[in-house]
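Dropping my_file09.cif in here (mmCIF, C-alpha atoms):
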```
data_coords
loop_
_atom_site.group_PDB
_atom_site.id
_atom_site.type_symbol
_atom_site.label_atom_id
_atom_site.label_comp_id
_atom_site.auth_asym_id
_atom_site.auth_seq_id
_atom_site.Cartn_x
_atom_site.Cartn_y
_atom_site.Cartn_z
ATOM 1 C CA MET T 1 60.808 -35.471 3.467
ATOM 2 C CA LYS T 2 62.180 -33.570 6.495
ATOM 3 C CA ARG T 3 65.023 -32.295 4.399
ATOM 4 C CA PHE T 4 62.603 -31.059 1.713
ATOM 5 C CA LEU T 5 60.514 -29.238 4.331
ATOM 6 C CA LYS T 6 63.635 -27.610 5.822
ATOM 7 C CA GLU T 7 64.918 -26.472 2.451
ATOM 8 C CA HIS T 8 61.536 -25.175 1.231
ATOM 9 C CA LYS T 9 59.859 -24.027 4.424
ATOM 10 C CA VAL T 10 58.965 -20.607 2.946
ATOM 11 C CA VAL T 11 57.253 -22.235 -0.047
ATOM 12 C CA VAL T 12 55.420 -24.759 2.164
ATOM 13 C CA ALA T 13 54.283 -21.983 4.516
ATOM 14 C CA ALA T 14 53.061 -19.917 1.535
ATOM 15 C CA VAL T 15 51.105 -22.871 0.122
ATOM 16 C CA ILE T 16 49.485 -23.598 3.493
ATOM 17 C CA PHE T 17 48.689 -19.888 3.925
ATOM 18 C CA MET T 18 47.085 -19.740 0.449
ATOM 19 C CA LEU T 19 44.959 -22.836 1.171
ATOM 20 C CA ILE T 20 43.722 -21.222 4.390
ATOM 21 C CA ILE T 21 42.895 -17.967 2.552
ATOM 22 C CA ILE T 22 40.997 -19.887 -0.153
ATOM 23 C CA ALA T 23 39.018 -21.808 2.493
ATOM 24 C CA ILE T 24 38.137 -18.576 4.332
ATOM 25 C CA ALA T 25 37.098 -16.891 1.072
ATOM 26 C CA PHE T 26 34.865 -19.840 0.169
ATOM 27 C CA VAL T 27 33.151 -19.812 3.590
ATOM 28 C CA ALA T 28 32.741 -16.024 3.451
ATOM 29 C CA LYS T 29 31.168 -16.204 -0.009
ATOM 30 C CA LYS T 30 28.708 -18.868 1.102
ATOM 31 C CA THR T 31 27.822 -16.855 4.196
ATOM 32 C CA LEU T 32 27.470 -13.446 2.560
ATOM 33 C CA PHE T 33 25.959 -14.505 -0.757
ATOM 34 C CA SER T 34 24.014 -17.620 0.198
ATOM 35 C CA ASN T 35 20.859 -16.610 -1.715
ATOM 36 C CA SER T 36 22.448 -15.198 -4.842
ATOM 37 C CA ASP T 37 20.803 -17.893 -6.978
ATOM 38 C CA ASN T 38 17.313 -17.367 -5.507
ATOM 39 C CA ALA T 39 14.617 -14.871 -6.424
ATOM 40 C CA VAL T 40 14.766 -11.276 -5.224
ATOM 41 C CA TYR T 41 12.287 -11.913 -2.405
ATOM 42 C CA GLY T 42 13.827 -15.235 -1.353
ATOM 43 C CA ASN T 43 11.237 -17.241 0.574
ATOM 44 C CA ARG T 44 9.408 -14.220 2.023
ATOM 45 C CA LEU T 45 6.496 -14.697 -0.363
ATOM 46 C CA GLU T 46 5.702 -18.247 0.714
ATOM 47 C CA GLY T 47 1.960 -18.682 1.124
ATOM 48 C CA ILE T 48 1.028 -15.784 -1.160
ATOM 49 C CA ASP T 49 -1.003 -18.084 -3.417
ATOM 50 C CA ALA T 50 -3.486 -18.698 -0.591
ATOM 51 C CA VAL T 51 -4.189 -14.955 -0.210
ATOM 52 C CA LYS T 52 -3.601 -13.740 -3.763
ATOM 53 C CA ILE T 53 -5.321 -10.516 -4.821
ATOM 54 C CA ASP T 54 -6.648 -10.999 -8.337
ATOM 55 C CA SER T 55 -7.518 -8.302 -10.865
ATOM 56 C CA LYS T 56 -11.220 -8.467 -9.955
ATOM 57 C CA GLN T 57 -10.518 -7.756 -6.297
ATOM 58 C CA LYS T 58 -8.045 -5.008 -7.235
ATOM 59 C CA LYS T 59 -10.774 -3.358 -9.308
ATOM 60 C CA GLU T 60 -13.250 -3.667 -6.397
ATOM 61 C CA ILE T 61 -10.784 -1.959 -4.045
ATOM 62 C CA LEU T 62 -10.168 0.907 -6.458
ATOM 63 C CA ASP T 63 -13.870 1.302 -7.299
ATOM 64 C CA ASN T 64 -14.764 1.382 -3.602
ATOM 65 C CA VAL T 65 -12.251 4.167 -3.015
ATOM 66 C CA LYS T 66 -13.096 6.102 -6.194
ATOM 67 C CA ASN T 67 -16.836 6.042 -5.411
ATOM 68 C CA ASP T 68 -16.275 8.447 -2.538
ATOM 69 C CA THR T 69 -17.127 12.030 -3.534
ATOM 70 C CA ALA T 70 -13.886 13.309 -1.963
ATOM 71 C CA VAL T 71 -11.709 11.268 -4.337
ATOM 72 C CA LYS T 72 -10.491 12.453 -7.739
ATOM 73 C CA ASN T 73 -8.351 9.426 -8.576
ATOM 74 C CA ALA T 74 -6.817 6.321 -7.016
ATOM 75 C CA THR T 75 -4.113 3.870 -8.090
ATOM 76 C CA TYR T 76 -3.068 0.457 -6.843
ATOM 77 C CA LYS T 77 0.357 -1.179 -6.871
ATOM 78 C CA LEU T 78 1.389 -4.512 -5.364
ATOM 79 C CA GLN T 79 5.062 -5.111 -4.541
ATOM 80 C CA GLY T 80 5.657 -8.473 -2.917
ATOM 81 C CA LYS T 81 3.738 -8.312 0.371
ATOM 82 C CA LEU T 82 3.129 -4.562 0.230
ATOM 83 C CA ILE T 83 -0.005 -2.956 -1.195
ATOM 84 C CA ASN T 84 0.430 0.700 -2.153
ATOM 85 C CA ILE T 85 -2.712 2.764 -2.710
ATOM 86 C CA THR T 86 -2.283 6.358 -3.898
ATOM 87 C CA ILE T 87 -5.366 8.548 -3.538
ATOM 88 C CA VAL T 88 -5.749 12.042 -4.974
ATOM 89 C CA VAL T 89 -8.472 13.959 -3.130
ATOM 90 C CA ASN T 90 -10.324 17.190 -3.857
ATOM 91 C CA ASP T 91 -8.758 20.410 -2.632
ATOM 92 C CA ASP T 92 -11.501 20.994 -0.029
ATOM 93 C CA VAL T 93 -10.965 17.659 1.775
ATOM 94 C CA GLY T 94 -9.666 17.728 5.341
ATOM 95 C CA VAL T 95 -7.154 15.405 6.973
ATOM 96 C CA ASP T 96 -9.748 13.424 8.948
ATOM 97 C CA THR T 97 -11.848 12.766 5.843
ATOM 98 C CA ALA T 98 -8.727 11.709 3.937
ATOM 99 C CA ARG T 99 -7.696 9.307 6.701
ATOM 100 C CA ALA T 100 -11.154 7.728 6.687
ATOM 101 C CA LEU T 101 -10.608 6.688 3.057
ATOM 102 C CA SER T 102 -8.188 3.990 4.231
ATOM 103 C CA ASN T 103 -11.139 2.046 5.660
ATOM 104 C CA LYS T 104 -12.550 1.762 2.139
ATOM 105 C CA VAL T 105 -9.437 -0.209 1.190
ATOM 106 C CA LEU T 106 -9.823 -2.572 4.143
ATOM 107 C CA GLU T 107 -13.521 -3.185 3.385
ATOM 108 C CA LYS T 108 -12.655 -5.112 0.227
ATOM 109 C CA LEU T 109 -9.898 -7.272 1.739
ATOM 110 C CA GLN T 110 -10.456 -10.583 3.469
ATOM 111 C CA ASP T 111 -9.197 -11.022 7.035
ATOM 112 C CA LYS T 112 -6.461 -13.443 5.954
ATOM 113 C CA GLN T 113 -5.284 -10.912 3.352
ATOM 114 C CA LYS T 114 -5.163 -8.159 5.993
ATOM 115 C CA LYS T 115 -2.962 -10.438 8.087
ATOM 116 C CA TYR T 116 -0.623 -11.219 5.171
ATOM 117 C CA TYR T 117 -0.133 -7.906 3.348
ATOM 118 C CA ASP T 118 1.242 -4.626 4.669
ATOM 119 C CA ILE T 119 -0.821 -1.729 3.325
ATOM 120 C CA GLN T 120 0.302 1.837 2.616
ATOM 121 C CA VAL T 121 -2.123 4.575 1.701
ATOM 122 C CA PHE T 122 -0.731 7.803 0.229
ATOM 123 C CA VAL T 123 -3.251 10.646 0.215
ATOM 124 C CA LYS T 124 -2.427 13.815 -1.669
ATOM 125 C CA LYS T 125 -4.057 16.794 -3.323
ATOM 126 C CA GLU T 126 -3.363 17.922 -6.880
ATOM 127 C CA ASN T 127 -2.521 21.426 -5.701
ATOM 128 C CA GLY T 128 -0.712 20.363 -2.542
ATOM 129 C CA GLY T 129 -1.957 21.810 0.703
ATOM 130 C CA LYS T 130 -0.390 22.613 4.027
ATOM 131 C CA ASN T 131 -1.364 19.278 5.612
ATOM 132 C CA PHE T 132 -0.837 17.070 2.587
ATOM 133 C CA PRO T 133 0.440 14.608 1.505
ATOM 134 C CA ILE T 134 -0.265 12.184 4.335
ATOM 135 C CA ILE T 135 0.743 8.546 4.573
ATOM 136 C CA GLY T 136 -1.058 5.752 6.396
ATOM 137 C CA TYR T 137 0.590 2.400 7.076
ATOM 138 C CA LYS T 138 -1.025 -0.813 8.313
ATOM 139 C CA HIS T 139 1.272 -3.609 9.425
ATOM 140 C CA THR T 140 0.070 -7.191 9.186
ATOM 141 C CA SER T 141 -0.102 -7.500 12.968
ATOM 142 C CA LYS T 142 -2.139 -4.295 13.487
ATOM 143 C CA GLU T 143 -5.858 -3.679 13.129
ATOM 144 C CA GLY T 144 -5.696 -0.084 11.909
ATOM 145 C CA PHE T 145 -3.472 2.437 10.209
ATOM 146 C CA SER T 146 -0.696 4.555 11.681
ATOM 147 C CA TRP T 147 -0.547 8.014 10.126
ATOM 148 C CA THR T 148 2.069 10.670 9.610
ATOM 149 C CA LYS T 149 1.924 13.432 12.183
ATOM 150 C CA ASP T 150 0.005 16.573 11.375
ATOM 151 C CA ARG T 151 2.150 19.452 10.232
ATOM 152 C CA VAL T 152 2.190 22.600 12.315
ATOM 153 C CA ALA T 153 0.995 25.610 10.354
ATOM 154 C CA GLU T 154 3.687 28.269 10.083
#
```

Take the structure in the file and give it back as structure tokens.
Amino acid sequence: MKRFLKEHKVVVAAVIFMLIIIAIAFVAKKTLFSNSDNAVYGNRLEGIDAVKIDSKQKKEILDNVKNDTAVKNATYKLQGKLINITIVVNDDVGVDTARALSNKVLEKLQDKQKKYYDIQVFVKKENGGKNFPIIGYKHTSKEGFSWTKDRVAE
């Protein structure tokens, strides 16, 4: 056996080196791609069934927003734990009035839903405007919305 190792030490070293490389590659794959077989969101959506927003509640949210005289149209989109509401307002609406529309979204959500979902409200005008669009974001741990800064008129 010693004689074999002496005569073929390059081959033995190459085999040992290849086994080490294969082991490292296997560990790296498991570490970097551990969730490749799971869903896109992994386990981040656990508990969503307890706070699910059904089509009836979605309609109530949109109707509550659309009933405001300042609103032309509103749309709703749910992506995982993120609710996106896009509101198109009349051209004569100011920034403060537009920001107040976000409260109409919160009125139709239960407290446990407010603590589970992040909410984004995009407010825009059909014809643009110097202060629009504006974006409001409510994180699950916050009570109210954070808004984009007002633009300085040039």

Near-Ile134 in chain T list (8 Å; all atoms listed in the file; drop same-chain fewer than 5 positions) as a ChimeraX atom specification: /T:122-124,147-148

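Put simply, CA of Asp91 in chain T is 14.9 Å away from CA of Ala74 in chain T.
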
Interatomic distance, CA of Leu78 in chain T to CA of Phe132 in chain T (Å, one decimal): 23.1 Å

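Note that CA of Asp92 in chain T and CA of Pro133 in chain T are 13.6 Å apart.
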
For Glu60 in chain T: contacts at 12 Å, only C-alpha atoms, fewer than 2 positions along chain excluded, given as a PyMOL selection string: chain T and resi 53-58+62-67+74-76+104-109

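Nearest to Arg99 in chain T of all the residues T:Asp118, T:Ala70, T:Gln79, T:Val10 is T:Ala70, counting all atoms listed in the file.
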
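Picked by the PyMOL selection byres ((chain T and resi 72) around 8) from the coordinates shown: Lys66, Thr69, Ala70, Val71, Asn73, Ala74, Ile87, Val88, Val89 and Asn90 of chain T.
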
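Counting all atoms listed in the file, the residue from T:Lys59, T:Lys29, T:Lys81, T:Lys130 that sits nearest to Asn43 in chain T is T:Lys81.
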
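Using only C-alpha atoms, the shortest contact distance between Ile119 in chain T and any of T:Lys2, T:Lys77, T:Lys9, T:Lys52 is found at T:Lys77.
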
Centre, edges in Å (one decimal): axis-aligned box, range 8-26 of chain T, 6 Å padding on all six sides, as JSON:
```
{"center_x": 48.2, "center_y": -21.0, "center_z": 2.2, "size_x": 38.7, "size_y": 20.3, "size_z": 16.7}
```

Selection result for the PyMOL selection byres ((chain T and resi 144) around 12) on this file, as number ranges by chain: T: 99-100, 102-103, 105-107, 114-115, 118-121, 136-143, 145-147
